Every structure is written in structure tokens, then in C-alpha cells.
>>> print(open('entry_15.cif').read())   # mmCIF, C-alpha atoms
data_model
loop_
_atom_site.label_atom_id
_atom_site.label_comp_id
_atom_site.auth_asym_id
_atom_site.auth_seq_id
_atom_site.Cartn_x
_atom_site.Cartn_y
_atom_site.Cartn_z
CA MET A 84 -4.11 17.21 -16.22
CA THR A 85 -3.36 20.19 -18.38
CA ASN A 86 -5.23 19.00 -21.45
CA SER A 87 -8.44 20.75 -20.52
CA PRO A 88 -8.91 23.41 -17.85
CA MET A 89 -10.60 22.19 -14.67
CA THR A 90 -14.03 23.41 -13.81
CA PRO A 91 -14.50 25.02 -10.38
CA ARG A 92 -16.32 21.89 -9.29
CA GLU A 93 -13.49 19.59 -10.36
CA TYR A 94 -10.93 21.84 -8.78
CA ALA A 95 -12.87 21.98 -5.51
CA GLY A 96 -13.19 18.21 -5.59
CA ALA A 97 -9.44 17.81 -5.93
CA VAL A 98 -8.87 20.22 -3.04
CA ARG A 99 -11.32 18.26 -0.88
CA GLU A 100 -9.46 15.09 -1.70
CA ALA A 101 -6.14 16.65 -0.72
CA LEU A 102 -7.64 17.59 2.64
CA ALA A 103 -9.22 14.20 3.19
CA ASP A 104 -7.22 13.68 6.38
CA LEU A 105 -9.02 16.49 8.19
CA PRO A 106 -12.02 15.53 10.32
CA ASP A 107 -15.17 15.71 8.19
CA ARG A 108 -16.84 18.46 10.17
CA GLU A 109 -13.77 20.64 10.16
CA ARG A 110 -13.21 20.12 6.47
CA GLU A 111 -16.76 21.10 5.64
CA GLU A 112 -16.48 24.20 7.79
CA LEU A 113 -13.40 25.18 5.88
CA LEU A 114 -14.61 24.32 2.39
CA GLU A 115 -18.24 25.32 2.80
CA ASP A 116 -18.28 27.94 0.08
CA LEU A 117 -15.19 26.95 -1.82
CA ASP A 118 -17.27 26.10 -4.90
CA ASP A 119 -18.84 29.55 -5.02
CA HIS A 120 -15.52 31.17 -4.34
CA LEU A 121 -13.83 29.26 -7.13
CA SER A 122 -16.64 30.09 -9.53
CA GLU A 123 -15.96 33.71 -8.73
CA VAL A 124 -12.27 33.26 -9.50
CA ALA A 125 -13.07 31.38 -12.68
CA ALA A 126 -15.43 34.12 -13.82
CA GLU A 127 -12.44 36.40 -14.12
CA PRO A 128 -11.53 36.32 -17.80
CA GLY A 129 -8.12 35.23 -18.97
CA GLN A 130 -6.41 32.38 -17.22
CA SER A 131 -7.66 28.97 -16.17
CA LEU A 132 -8.11 28.12 -12.52
CA GLU A 133 -4.87 26.21 -12.41
CA GLU A 134 -2.90 28.97 -14.05
CA ARG A 135 -4.30 31.43 -11.58
CA LEU A 136 -4.22 29.35 -8.40
CA GLY A 137 -1.67 26.63 -9.01
CA SER A 138 -2.41 22.93 -8.56
CA PRO A 139 -5.31 21.89 -6.31
CA GLU A 140 -2.78 20.19 -4.03
CA ALA A 141 -0.78 23.38 -3.61
CA TYR A 142 -4.01 25.29 -3.05
CA ALA A 143 -5.05 22.79 -0.39
CA ALA A 144 -1.68 23.10 1.33
CA GLU A 145 -1.96 26.89 1.40
CA LEU A 146 -5.50 26.63 2.68
CA ARG A 147 -4.40 24.27 5.39
CA ALA A 148 -1.62 26.62 6.44
CA ALA A 149 -3.88 29.66 6.53
CA TYR A 150 -6.61 27.83 8.39
CA GLY A 151 -4.09 26.03 10.62
CA GLY A 152 -3.72 28.84 13.16
CA ARG A 153 -6.86 27.65 14.87
CA PRO A 154 -8.36 29.02 18.02
CA ALA A 155 -6.09 27.88 20.78
CA GLY A 156 -6.83 25.21 23.36
CA HIS A 157 -6.58 22.02 21.39
CA PRO A 158 -3.39 20.29 22.52
CA ARG A 159 -4.02 17.36 20.22
CA ARG A 160 -4.10 19.65 17.25
CA ARG A 161 -0.90 21.24 18.42
CA THR A 162 0.87 17.89 18.46
CA ALA A 163 -0.58 17.22 15.03
CA ARG A 164 0.92 20.46 13.84
CA ALA A 165 4.27 19.64 15.39
CA ARG A 166 4.14 16.31 13.64
CA ALA A 167 3.28 17.97 10.36
CA ARG A 168 6.23 20.32 10.80
CA THR A 169 8.58 17.39 11.48
CA ALA A 170 7.23 15.58 8.45
CA ALA A 171 7.74 18.68 6.34
CA ALA A 172 11.33 19.00 7.53
CA LEU A 173 11.96 15.35 6.69
CA ARG A 174 10.41 15.80 3.27
CA ALA A 175 12.63 18.81 2.63
CA ALA A 176 15.75 16.88 3.65
CA HIS A 177 14.63 14.00 1.47
CA ALA A 178 14.13 16.33 -1.49
CA ARG A 179 17.56 17.83 -1.01
CA LEU A 180 19.21 14.42 -0.73
CA LEU A 181 17.49 13.31 -3.92
CA ALA A 182 19.95 15.53 -5.76
CA LEU A 183 22.64 12.96 -4.95
CA PRO A 184 22.65 10.04 -7.41
CA PRO A 185 23.61 7.35 -4.85
CA TYR A 186 20.73 8.39 -2.61
CA ARG A 187 18.38 8.39 -5.58
CA GLN A 188 19.42 4.88 -6.51
CA ALA A 189 19.07 3.68 -2.94
CA VAL A 190 15.59 5.17 -2.75
CA ALA A 191 14.60 3.47 -5.98
CA PHE A 192 16.03 0.17 -4.82
CA ALA A 193 14.70 0.19 -1.26
CA PRO A 194 11.13 -0.90 -2.05
CA GLU A 195 12.45 -4.09 -3.62
CA LEU A 196 14.09 -4.99 -0.34
CA ARG A 197 10.84 -4.73 1.58
CA PRO A 198 9.75 -8.38 1.25
CA ALA A 199 13.17 -9.47 2.47
CA TRP A 200 12.73 -7.27 5.50
CA TRP A 201 9.30 -8.78 6.19
CA VAL A 202 10.89 -12.23 6.35
CA LEU A 203 13.88 -11.04 8.34
CA ARG A 204 11.83 -9.21 10.92
CA GLY A 205 9.57 -12.22 11.50
CA TYR A 206 12.64 -14.35 11.98
CA ALA A 207 14.21 -11.77 14.31
CA LEU A 208 11.09 -11.46 16.43
CA ALA A 209 10.89 -15.25 16.74
CA LEU A 210 14.51 -15.38 17.85
CA ALA A 211 13.86 -12.61 20.35
CA VAL A 212 10.96 -14.54 21.85
CA LEU A 213 12.90 -17.82 21.87
CA GLY A 214 15.83 -15.98 23.45
CA VAL A 215 13.60 -14.73 26.26
CA ILE A 216 12.29 -18.26 26.83
CA GLY A 217 15.87 -19.43 27.16
CA GLU A 218 17.07 -20.56 23.80
CA GLY A 219 19.56 -17.87 22.92
CA SER A 220 20.90 -18.72 19.48
CA LEU A 221 20.86 -17.53 15.92
CA VAL A 222 19.03 -20.61 14.71
CA PRO A 223 16.06 -22.32 16.35
CA ARG A 224 17.29 -25.41 18.19
CA ASP A 225 14.38 -27.76 17.76
CA LEU A 226 11.31 -28.48 15.71
CA ALA A 227 9.02 -26.42 17.93
CA GLY A 228 11.39 -23.49 17.59
CA TRP A 229 11.38 -23.81 13.82
CA VAL A 230 7.62 -24.05 13.64
CA PHE A 231 7.26 -21.02 15.85
CA THR A 232 9.77 -19.11 13.74
CA LEU A 233 8.08 -20.02 10.46
CA VAL A 234 4.71 -19.00 11.84
CA LEU A 235 6.05 -15.59 12.83
CA VAL A 236 7.72 -15.14 9.43
CA TRP A 237 4.47 -16.02 7.72
CA ALA A 238 2.53 -13.66 10.00
CA SER A 239 4.98 -10.85 9.33
CA VAL A 240 4.63 -11.20 5.58
CA TRP A 241 0.87 -11.58 5.79
CA LEU A 242 0.52 -8.46 7.91
CA ALA A 243 2.76 -6.46 5.62
CA ARG A 244 0.81 -7.45 2.54
CA ARG A 245 -2.55 -6.91 4.17
CA SER A 246 -2.01 -3.56 5.87
CA ARG A 247 -1.09 -1.73 2.70
CA PRO A 248 -4.03 0.69 2.73
CA ALA A 249 -3.64 2.68 5.91
CA ALA A 250 -4.48 0.51 8.88
CA THR A 251 -5.81 1.91 12.12
CA ARG A 252 -3.65 4.26 14.12
CA TRP A 253 -2.92 1.70 16.80
CA GLY A 254 -2.22 -0.92 14.21
CA ARG A 255 0.34 1.32 12.61
CA ALA A 256 1.90 2.14 15.96
CA ALA A 257 2.15 -1.56 16.85
CA ALA A 258 3.68 -2.36 13.47
CA ALA A 259 6.20 0.43 13.90
CA ALA A 260 7.12 -0.87 17.37
CA ALA A 261 7.51 -4.41 16.03
CA ASN A 262 9.75 -3.12 13.27
CA VAL A 263 11.93 -1.27 15.76
CA VAL A 264 12.23 -4.35 17.99
CA ALA A 265 13.10 -6.50 14.99
CA ALA A 266 15.71 -4.02 13.83
CA ILE A 267 17.31 -3.96 17.27
CA VAL A 268 17.36 -7.77 17.40
CA VAL A 269 18.92 -8.00 13.95
CA ILE A 270 21.59 -5.45 14.79
CA GLY A 271 22.20 -7.08 18.16
CA ALA A 272 22.54 -10.51 16.57
CA LEU A 273 24.97 -9.20 13.98
CA ALA A 274 27.08 -7.59 16.68
CA ASP A 275 26.98 -10.78 18.73
CA VAL A 276 28.11 -13.28 16.11
CA PRO A 277 31.89 -13.17 16.59
CA GLY A 278 31.64 -13.57 20.36
CA ARG A 279 29.11 -16.35 20.35
CA PRO A 280 30.96 -19.61 19.78
CA SER A 281 33.38 -18.97 22.61
CA GLU A 282 33.46 -20.71 25.94
CA ALA A 283 32.59 -24.32 25.41
CA ASP A 284 34.59 -24.93 22.29
CA VAL A 285 38.12 -25.09 23.51
CA ALA A 286 39.11 -26.27 26.89
CA LEU A 287 42.48 -26.05 28.50
CA ASP A 288 43.78 -29.02 30.38
CA GLY A 289 45.35 -27.83 33.57
CA GLY A 290 46.99 -31.15 34.33
CA GLY A 291 46.54 -33.20 37.44
CA PRO A 292 42.95 -34.03 38.01
CA ARG A 293 41.44 -33.11 34.75
CA TYR A 294 39.45 -29.97 34.63
CA ALA A 295 38.67 -27.60 31.88
CA VAL A 296 39.61 -23.95 31.92
CA ARG A 297 37.23 -22.11 29.69
CA VAL A 298 38.80 -19.80 27.20
CA GLN A 299 36.82 -16.68 26.56
CA ASP A 300 38.03 -15.77 23.11
CA VAL A 301 38.78 -18.52 20.68
CA SER A 302 38.73 -16.53 17.49
CA ALA A 303 42.20 -17.92 16.84
CA PHE A 304 40.59 -21.34 16.61
CA ALA A 305 38.23 -20.43 13.81
CA GLY A 306 35.24 -20.15 16.03
CA GLY A 307 35.78 -23.42 17.82
CA GLU A 308 35.67 -25.61 14.77
CA VAL A 309 39.22 -26.84 15.21
CA THR A 310 39.24 -30.45 16.34
CA ASN A 311 42.83 -31.32 15.59
CA ILE A 312 46.12 -29.56 14.80
CA PHE A 313 48.73 -30.74 12.35
CA PRO A 314 52.11 -29.10 12.93
CA TYR A 315 54.73 -29.03 10.20
CA ALA A 316 58.38 -28.09 10.38
CA GLU A 317 59.79 -25.30 8.28
CA ASP A 318 60.91 -27.73 5.57
CA GLY A 319 57.48 -29.31 5.31
CA THR A 320 58.11 -32.36 7.44
CA PRO A 321 55.03 -33.30 9.44
CA LEU A 322 55.74 -33.24 13.15
CA HIS A 323 54.38 -35.61 15.73
CA GLY A 324 53.72 -35.30 19.41
CA VAL A 325 54.06 -31.55 19.38
CA ARG A 326 52.86 -30.24 22.71
CA LEU A 327 51.16 -26.92 22.77
CA TYR A 328 50.88 -24.57 25.71
CA ASP A 329 49.47 -21.14 26.08
CA GLN A 330 51.25 -18.10 27.54
CA ASP A 331 50.51 -19.29 31.07
CA GLY A 332 51.90 -22.73 30.52
CA ARG A 333 48.50 -24.38 30.33
CA PRO A 334 48.18 -27.13 27.75
CA ILE A 335 46.08 -26.15 24.77
CA THR A 336 43.52 -28.75 23.89
CA VAL A 337 40.72 -29.06 21.43
CA ASP A 338 37.46 -30.93 21.63
CA PRO A 339 37.45 -33.65 18.96
CA GLU A 340 34.38 -35.07 20.66
CA LEU A 341 32.39 -32.16 19.23
CA SER A 342 32.87 -33.58 15.77
CA GLY A 343 32.16 -37.12 16.83
CA GLN A 344 35.73 -38.28 17.24
CA SER A 345 37.64 -39.53 20.20
CA LEU A 346 41.23 -40.08 21.11
CA VAL A 347 42.65 -43.48 20.35
CA VAL A 348 43.89 -45.01 23.55
CA PRO A 349 46.79 -47.38 22.81
CA CYS A 350 46.29 -50.86 24.12
CA GLY A 351 47.92 -51.24 27.45
CA GLY A 352 49.77 -47.98 27.17
CA GLU A 353 49.38 -44.73 28.95
CA PRO A 354 46.45 -42.56 28.00
CA PRO A 355 47.65 -40.09 25.37
CA LEU A 356 48.32 -36.47 26.16
CA ARG A 357 45.49 -34.31 25.02
CA ASN A 358 47.79 -31.53 23.98
CA ALA A 359 50.22 -33.58 21.90
CA PHE A 360 49.36 -32.83 18.28
CA PRO A 361 48.32 -34.15 15.90
CA LEU A 362 45.91 -36.13 18.00
CA ASP A 363 45.29 -39.70 17.07
CA LEU A 364 41.56 -39.69 16.47
CA ARG A 365 38.93 -42.11 15.38
CA PRO A 366 35.17 -41.88 15.01
CA MET A 367 33.51 -42.17 18.38
CA GLU A 368 30.64 -44.40 17.33
CA MET A 369 32.95 -47.16 16.20
CA PRO A 370 32.61 -50.02 18.64
CA PRO A 371 35.92 -51.01 20.15
CA GLY A 372 35.55 -54.53 18.85
CA ASP A 373 36.18 -53.43 15.30
CA ASP A 374 39.88 -53.09 15.83
CA GLY A 375 40.33 -56.69 16.71
CA PRO A 376 39.48 -58.90 19.62
CA GLY A 377 42.75 -58.42 21.48
CA GLU A 378 42.63 -54.69 21.50
CA ALA A 379 38.99 -54.60 22.38
CA ALA A 380 39.77 -56.39 25.58
CA CYS A 381 42.30 -53.90 26.76
CA ALA A 382 40.97 -50.73 25.22
CA THR A 383 38.43 -50.09 27.89
CA PRO A 384 38.62 -46.38 28.16
CA SER A 385 38.31 -45.25 31.71
CA PRO A 386 35.25 -43.04 32.10
CA SER A 387 37.40 -40.06 32.84
CA PRO A 388 40.87 -40.53 31.44
CA SER A 389 42.84 -38.79 34.09
CA VAL A 390 45.44 -37.18 31.95
CA SER A 391 48.41 -36.32 34.03
CA PRO A 392 51.06 -34.52 32.08
CA SER A 393 54.32 -35.18 33.80
CA ALA A 394 56.81 -32.47 34.57
CA SER A 395 58.59 -33.40 31.37
CA ALA A 396 55.72 -31.97 29.44
CA SER A 397 57.08 -28.55 30.18
CA PRO A 398 57.82 -26.79 26.90
CA SER A 399 60.50 -24.67 28.43
CA ALA A 400 62.02 -23.82 31.74
CA SER A 401 59.76 -20.88 32.18
CA GLY A 402 56.51 -22.29 31.02
CA SER A 403 55.96 -25.01 33.53
CA PRO A 404 52.55 -26.56 33.13
CA SER A 405 52.14 -26.70 36.84
CA PRO A 406 48.57 -27.05 37.94
CA SER A 407 48.00 -23.39 38.34
CA PRO A 408 44.37 -22.99 37.48
CA GLY A 409 44.63 -19.41 36.47
CA ARG A 410 41.77 -18.24 34.41
CA MET B 229 13.47 39.27 1.31
CA ASP B 230 10.50 37.08 0.59
CA SER B 231 7.52 39.23 1.51
CA SER B 232 5.18 36.25 1.52
CA GLN B 233 6.81 35.12 4.77
CA LEU B 234 6.15 38.53 6.31
CA LEU B 235 2.63 38.51 4.97
CA LYS B 236 1.82 35.28 6.77
CA GLY B 237 2.24 36.97 10.12
CA VAL B 238 0.04 39.95 9.32
CA LEU B 239 -2.57 38.48 6.98
CA ASP B 240 -5.19 38.40 9.74
CA LEU B 241 -4.61 42.06 10.37
CA ALA B 242 -4.71 42.90 6.65
CA VAL B 243 -7.97 41.03 6.14
CA LEU B 244 -9.55 42.63 9.20
CA ALA B 245 -8.45 46.05 7.97
CA VAL B 246 -9.99 45.50 4.54
CA LEU B 247 -13.28 44.33 6.08
CA ALA B 248 -13.31 47.24 8.51
CA ASP B 249 -13.56 49.49 5.48
CA ARG B 250 -16.58 47.64 4.13
CA ASP B 251 -18.06 44.14 3.99
CA SER B 252 -16.70 41.91 1.23
CA TYR B 253 -16.92 38.44 -0.20
CA GLY B 254 -13.85 36.21 -0.52
CA TYR B 255 -12.62 37.04 -3.96
CA ASP B 256 -13.29 40.73 -3.41
CA VAL B 257 -11.03 40.64 -0.33
CA VAL B 258 -8.27 39.10 -2.44
CA ARG B 259 -8.67 41.75 -5.08
CA ARG B 260 -8.68 44.62 -2.62
CA LEU B 261 -5.58 43.34 -0.84
CA ARG B 262 -3.79 43.12 -4.17
CA GLU B 263 -4.92 46.56 -5.18
CA ALA B 264 -3.61 47.84 -1.88
CA GLY B 265 -0.16 46.57 -2.83
CA LEU B 266 -0.05 43.04 -1.40
CA GLU B 267 0.37 41.46 -4.82
CA ASP B 268 1.81 38.22 -3.41
CA VAL B 269 -1.24 37.39 -1.36
CA GLY B 270 -2.51 33.91 -2.15
CA ASP B 271 -6.15 33.21 -2.87
CA ALA B 272 -6.17 30.14 -0.66
CA SER B 273 -4.50 32.05 2.17
CA VAL B 274 -7.21 34.69 2.13
CA TYR B 275 -10.00 32.15 1.87
CA GLY B 276 -8.53 30.08 4.72
CA THR B 277 -8.02 33.17 6.85
CA LEU B 278 -11.62 34.29 6.33
CA ARG B 279 -12.92 30.88 7.32
CA ARG B 280 -10.71 30.79 10.39
CA LEU B 281 -11.65 34.30 11.54
CA PHE B 282 -15.30 33.43 11.00
CA LYS B 283 -14.96 30.23 13.00
CA ALA B 284 -13.18 32.12 15.77
CA GLY B 285 -16.20 34.42 15.99
CA ALA B 286 -14.57 37.59 14.70
CA LEU B 287 -16.74 37.91 11.57
CA THR B 288 -20.36 37.92 10.61
CA SER B 289 -21.42 36.50 7.29
CA TYR B 290 -24.43 36.71 5.03
CA VAL B 291 -25.20 35.45 1.58
CA VAL B 292 -26.15 37.80 -1.21
CA ALA B 293 -27.81 36.28 -4.24
CA SER B 294 -26.54 37.55 -7.52
CA ASP B 295 -28.19 37.36 -10.93
CA GLU B 296 -25.24 36.70 -13.17
CA GLY B 297 -22.71 34.94 -10.95
CA PRO B 298 -22.68 32.53 -8.01
CA HIS B 299 -24.05 33.46 -4.62
CA ARG B 300 -21.65 35.58 -2.67
CA LYS B 301 -20.94 35.13 0.98
CA TYR B 302 -20.14 38.50 2.46
CA TYR B 303 -18.05 38.87 5.58
CA GLY B 304 -18.06 41.79 7.99
CA LEU B 305 -16.54 42.63 11.36
CA ASN B 306 -18.49 42.14 14.54
CA ASP B 307 -17.45 43.48 17.94
CA VAL B 308 -14.96 40.68 18.47
CA GLY B 309 -13.44 41.39 15.07
CA ARG B 310 -13.21 45.09 15.72
CA ALA B 311 -11.52 44.49 19.09
CA GLN B 312 -9.07 42.11 17.47
CA LEU B 313 -8.34 44.61 14.75
CA ALA B 314 -7.67 47.35 17.29
CA SER B 315 -5.29 45.26 19.40
CA SER B 316 -3.52 43.79 16.38
CA ALA B 317 -3.11 47.24 14.88
CA THR B 318 -1.49 48.47 18.09
CA THR B 319 0.85 45.50 18.17
CA TRP B 320 1.76 46.04 14.55
CA ALA B 321 2.40 49.74 15.01
CA ALA B 322 4.77 49.06 17.89
CA PHE B 323 6.50 46.31 15.98
CA ALA B 324 6.87 48.41 12.84
CA ALA B 325 8.25 51.32 14.84
CA THR B 326 10.80 49.03 16.49
CA MET B 327 11.89 47.69 13.14
CA ASP B 328 12.14 51.19 11.70
CA ASP B 329 14.34 52.31 14.57
CA LEU B 330 16.50 49.26 14.20
CA LEU B 331 17.02 49.88 10.51
CA LYS B 332 17.56 53.59 11.01
CA GLU B 333 20.39 52.86 13.44
CA LEU B 334 21.85 50.55 10.88
CA SER B 335 21.92 53.16 8.11
CA THR B 336 23.48 55.97 10.13
#
>>> encode(input="entry_15.cif", output="C-alpha cells")
Amino acid sequence: MTNSPMTPREYAGAVREALADLPDREREELLEDLDDHLSEVAAEPGQSLEERLGSPEAYAAELRAAYGGRPAGHPRRRTARARARTAAALRAAHARLLALPPYRQAVAFAPELRPAWWVLRGYALALAVLGVIGEGSLVPRDLAGWVFTLVLVWASVWLARRSRPAATRWGRAAAAAANVVAAIVVIGALADVPGRPSEADVALDGGGPRYAVRVQDVSAFAGGEVTNIFPYAEDGTPLHGVRLYDQDGRPITVDPELSGQSLVVPCGGEPPLRNAFPLDLRPMEMPPGDDGPGEAACATPSPSPSVSPSASASPSASGSPSPSPGR
Amino acid sequence: MDSSQLLKGVLDLAVLAVLADRDSYGYDVVRRLREAGLEDVGDASVYGTLRRLFKAGALTSYVVASDEGPHRKYYGLNDVGRAQLASSATTWAAFAATMDDLLKELST
């Protein structure tokens, strides 16, 4: 830019370009005799235009500021000015922060993350829509959900790649709104993860007629993935038939059925306690006949194995597992 | 203190005052302001101010052809401009007096 001094015409052209965002009519009113004016300045012997006036961009900014105090009565222009002021303040803060190396690195790195955000926001918006329809989860539950999600991801990326050169004002506003919604969904989903797998994963057996007491927080059970418990004594000996109760004396049970396993019911014996660990499990799909003809005959599991822990199941004098269906 | 900040607030008045003396074209206004002691005044600020005052109806303008240089657009005050100059001058005088008093109290 500094190799050869700009002519007044070139300089004026650069100023026009820097003011391209002004409405055409207004810009022409402002710049009407800029060429003549600059010729006048350039006629002064000595320095080049740029040395005398600074860069065309700086000149345009000064021009804009001087011309900005327009005749009053244009509220839209006033909001535009307020917006320009806000933008200027942000730019100043940005410039000051750039002095910090970590911020500089983050700024340099951020553009590379953009495609990832395009994908993520499409995914988030799909989940938001599916959640409204009734499928609240972090992963689409069925094929239709997946297709819908993939379409939104594709659309998000397509839009981002297409709208590079300034889209329309409304388009930009809509995109900004979509980004905000997506960001909220992502943050909300992240905050929700630990609490999600609660409820259905571990049930407490209250004894008597079998009913399940839902436990609200099962973080102690690794998010509900525990299907069996293997107790060991201090010296490493595996223990059998260890009965577990919670602080209210309710038996602690797990749901082996979730992983496709079921309790083995001994032939002719009593149905096993569901809180005596380790549980004797076997794959659920296995037909009963596999274990032998004799057992198959007697191992007809009652549809609802009414587990009735006797009074002897009490772990201690205080913790009686009486059927007190406290929550 | 950065005088360019102060100048921003009174540039209209300064330009009107220069034109009240006699009609001028853009670059001449810049030169006369600088000669008067406002060395910091920016070329673009003066040009933008002239265009704004003209648009607001405070100035008349006419083009004078010149043999050696470009055409020159001269600006002069009309009645609106003269009224604005008078009221701005009054405001400035009051403001300057207030500031003087304030600073006088400070020094004593």
C-alpha cells in the first residue's frame, strides 16, 4: 500500500468502499465533492495523501463521526449509532484482551472449532425439537429421530457454509436466534446428564406385596448400570447371601432385567430374595428347557414372584424391613 | 488533556465562525482553522462537518471554476447558519465562563 502514493481518485475510492454500509443516497451526499477536495489536498506540495490524512479507512471513520451528528428525528439512525457505539466498545475490549497470550491463542484457535459447532448446534436443535415432541433424551430413540437429527445437522452445516457473505438482516437475526437456542440446549443437556439416569434404574423392594420405591439419586450405583453386587469380606473371601438395606431398612435391589438377565429360581424352592447378593443370574432369553427336563417342569416362574422377605431378613434390631413404604 | 476531544464538541461552531468571516471551500476552511490555532483539526472532520451543516440547511454552496486546480465548492452562511452561529456562540460563551470560574476557584 505504501509502495506508491495513492492518487486522489484511488484514495476517494477506498474511502467510498469503507463507507459502503451507508445508504447509497446518503453516501453520495456526503462524498459528493470528496474527489475535488482531495485533489486540493494533494495539490499541496510535500507529503502524500496518506501521510497527510492517514489511511483511507481512518479518514472514512473520521468522516463518519463528523457527519454522524445528523439532523435529529431519525430514531432508526439513533439505534444504529447506539449499536455502533456498543460495537466500538466491544472492539476496544477485544483489542485490550489481545495483549494476553491465552486470549490471543483462543482467538486464533476459535475459527477452527466453527465446523464442530455447526454440527453440534444442528444436533442440539434436533434434540430440542424431539424433546418438545416428547422424546426427552440425549440420543434420538428411533430411526425417525436419527433421520430428523441428521437432516438438521446437515442443514446447519449447509446454512453456515452458504451464508458466509452477509446474508439478509432477518436471515442473520434468525441464525443468531438459532445459535442462542442451540447453545442453551447444549448447556442444559450438559447440566442435566448426571441427574438423568435416575428413577427407573434401581428399585427398592419394600417387602410384602412387591412394589418398587423409586430412588431419586442413584449416582452411587454408577448411573444405574449396576445389575449385580459381589460382596467380599475383609480377607478377600467372597460372601454369599449378603442382604443389603438402605438407611430406612428397605431392601436395596438392582434390576438385572435391564441387562437381559433374570434371577434363577431354584426348582421347588422358595423364590430367592432380591436383595441377597450376589444374585444368581442367568440370561433371560434362555428357554427354561435348557437346564434339563426335570427343572423345566418345576421352574415355572410365577408372573410376579411375590417376594416376601421374612422378619428374619432384618439386618439389625433397628433396621427392620417392615413394609413401611416411605419414599 | 486531549484537545481533539474538546474540538469535537465545538467544531460546528468553529466552522460557522470561519465561514461567517468569508465564504470558503473545504480545504481553505481546514487551513484557516489551523492558522487560527486549531492545529489538531482533522481534514475529514471538517469535510464531514461542512457536508452535515449543508445538509441541515445552514449553508449555501456554489461552485467556482478554477484554471489551475479542481473546481472549488464554496460554502457560506445563510440565515439559518447565522442564527445557529449566534445561539451556539452564546452557549459557548456561557460554558467557557463557567469553566473559567470553576478553574479560578480551583487555583485560589
>>> residues_around(input="entry_15.cif", residues="range 309-314 of chain B", least_positions_apart="6", cutoff="8 Å", atoms="all atoms listed in the file", output="tab-separated table (two decimals) with C-alpha atoms, in the frame of the given file")
chain	number	residue	atom	x	y	z
B	241	LEU	CA	-4.61	42.06	10.37
B	244	LEU	CA	-9.55	42.63	9.20
B	245	ALA	CA	-8.45	46.05	7.97
B	248	ALA	CA	-13.31	47.24	8.51
B	285	GLY	CA	-16.20	34.42	15.99
B	286	ALA	CA	-14.57	37.59	14.70
B	287	LEU	CA	-16.74	37.91	11.57
>>> closest_residue(input="entry_15.cif", among="B:Gly265, B:Gly304, B:Gly276, B:Gly237", to="chain A", atoms="all atoms listed in the file")
B:Gly276
>>> interface_residues(input="entry_15.cif", of="chain A", to="chain B", cutoff="9 Å", atoms="only C-alpha atoms", output="PyMOL selection string")
chain A and resi 112-124+126+136+142-154
>>> atom_distance(input="entry_15.cif", atom1="CA of Pro334 in chain A", atom2="CA of Asp318 in chain A")
25.6 Å
>>> closest_residue(input="entry_15.cif", among="A:Ala172, A:Leu362, A:Val309, A:Ala243", to="Leu341 in chain A", atoms="only C-alpha atoms")
A:Val309
>>> atom_distance(input="entry_15.cif", atom1="CA of Arg174 in chain A", atom2="CA of Trp241 in chain A")
29.1 Å
>>> residues_around(input="entry_15.cif", residues="Leu213 in chain A", least_positions_apart="3", cutoff="9 Å", atoms="all atoms listed in the file", output="list in words")
Leu208, Ala209, Leu210, Ile216, Gly217, Glu218, Gly219, Ser220, Pro223, Gly228, Phe231 and Thr232 of chain A
>>> atom_distance(input="entry_15.cif", atom1="CA of Tyr290 in chain B", atom2="CA of Ser252 in chain B")
10.1 Å
>>> decode(input="entry_15.cif", residues="range 239-250 of chain B", atoms="N, CA, C and O atoms", output="PDB file, in the first residue's frame")
ATOM      1  N   LEU B 239     -16.678  21.931  16.966  1.00  0.00           N
ATOM      2  CA  LEU B 239     -16.230  22.067  15.578  1.00  0.00           C
ATOM      3  C   LEU B 239     -17.278  22.783  14.729  1.00  0.00           C
ATOM      4  O   LEU B 239     -16.923  23.614  13.880  1.00  0.00           O
ATOM      5  N   ASP B 240     -18.553  22.468  14.969  1.00  0.00           N
ATOM      6  CA  ASP B 240     -19.618  23.163  14.233  1.00  0.00           C
ATOM      7  C   ASP B 240     -19.474  24.671  14.405  1.00  0.00           C
ATOM      8  O   ASP B 240     -19.499  25.431  13.422  1.00  0.00           O
ATOM      9  N   LEU B 241     -19.316  25.050  15.651  1.00  0.00           N
ATOM     10  CA  LEU B 241     -19.209  26.478  15.958  1.00  0.00           C
ATOM     11  C   LEU B 241     -17.980  27.083  15.277  1.00  0.00           C
ATOM     12  O   LEU B 241     -18.052  28.184  14.695  1.00  0.00           O
ATOM     13  N   ALA B 242     -16.858  26.367  15.329  1.00  0.00           N
ATOM     14  CA  ALA B 242     -15.620  26.877  14.733  1.00  0.00           C
ATOM     15  C   ALA B 242     -15.776  27.049  13.225  1.00  0.00           C
ATOM     16  O   ALA B 242     -15.356  28.068  12.652  1.00  0.00           O
ATOM     17  N   VAL B 243     -16.398  26.060  12.585  1.00  0.00           N
ATOM     18  CA  VAL B 243     -16.584  26.134  11.135  1.00  0.00           C
ATOM     19  C   VAL B 243     -17.520  27.280  10.780  1.00  0.00           C
ATOM     20  O   VAL B 243     -17.264  28.067   9.854  1.00  0.00           O
ATOM     21  N   LEU B 244     -18.608  27.407  11.531  1.00  0.00           N
ATOM     22  CA  LEU B 244     -19.553  28.504  11.279  1.00  0.00           C
ATOM     23  C   LEU B 244     -18.851  29.851  11.453  1.00  0.00           C
ATOM     24  O   LEU B 244     -19.068  30.785  10.659  1.00  0.00           O
ATOM     25  N   ALA B 245     -18.003  29.936  12.460  1.00  0.00           N
ATOM     26  CA  ALA B 245     -17.312  31.203  12.731  1.00  0.00           C
ATOM     27  C   ALA B 245     -16.389  31.567  11.571  1.00  0.00           C
ATOM     28  O   ALA B 245     -16.325  32.724  11.138  1.00  0.00           O
ATOM     29  N   VAL B 246     -15.661  30.562  11.059  1.00  0.00           N
ATOM     30  CA  VAL B 246     -14.751  30.811   9.950  1.00  0.00           C
ATOM     31  C   VAL B 246     -15.527  31.273   8.707  1.00  0.00           C
ATOM     32  O   VAL B 246     -15.122  32.202   8.013  1.00  0.00           O
ATOM     33  N   LEU B 247     -16.675  30.624   8.459  1.00  0.00           N
ATOM     34  CA  LEU B 247     -17.461  30.964   7.273  1.00  0.00           C
ATOM     35  C   LEU B 247     -18.180  32.315   7.432  1.00  0.00           C
ATOM     36  O   LEU B 247     -18.508  32.959   6.426  1.00  0.00           O
ATOM     37  N   ALA B 248     -18.430  32.686   8.685  1.00  0.00           N
ATOM     38  CA  ALA B 248     -19.070  33.985   8.909  1.00  0.00           C
ATOM     39  C   ALA B 248     -18.138  35.108   8.459  1.00  0.00           C
ATOM     40  O   ALA B 248     -18.582  36.159   7.992  1.00  0.00           O
ATOM     41  N   ASP B 249     -16.857  34.849   8.582  1.00  0.00           N
ATOM     42  CA  ASP B 249     -15.852  35.827   8.179  1.00  0.00           C
ATOM     43  C   ASP B 249     -15.895  36.021   6.666  1.00  0.00           C
ATOM     44  O   ASP B 249     -16.007  37.131   6.166  1.00  0.00           O
ATOM     45  N   ARG B 250     -15.787  34.885   5.954  1.00  0.00           N
ATOM     46  CA  ARG B 250     -15.960  34.934   4.496  1.00  0.00           C
ATOM     47  C   ARG B 250     -16.198  33.521   3.964  1.00  0.00           C
ATOM     48  O   ARG B 250     -15.801  32.534   4.608  1.00  0.00           O
TER      49      ARG B 250
END
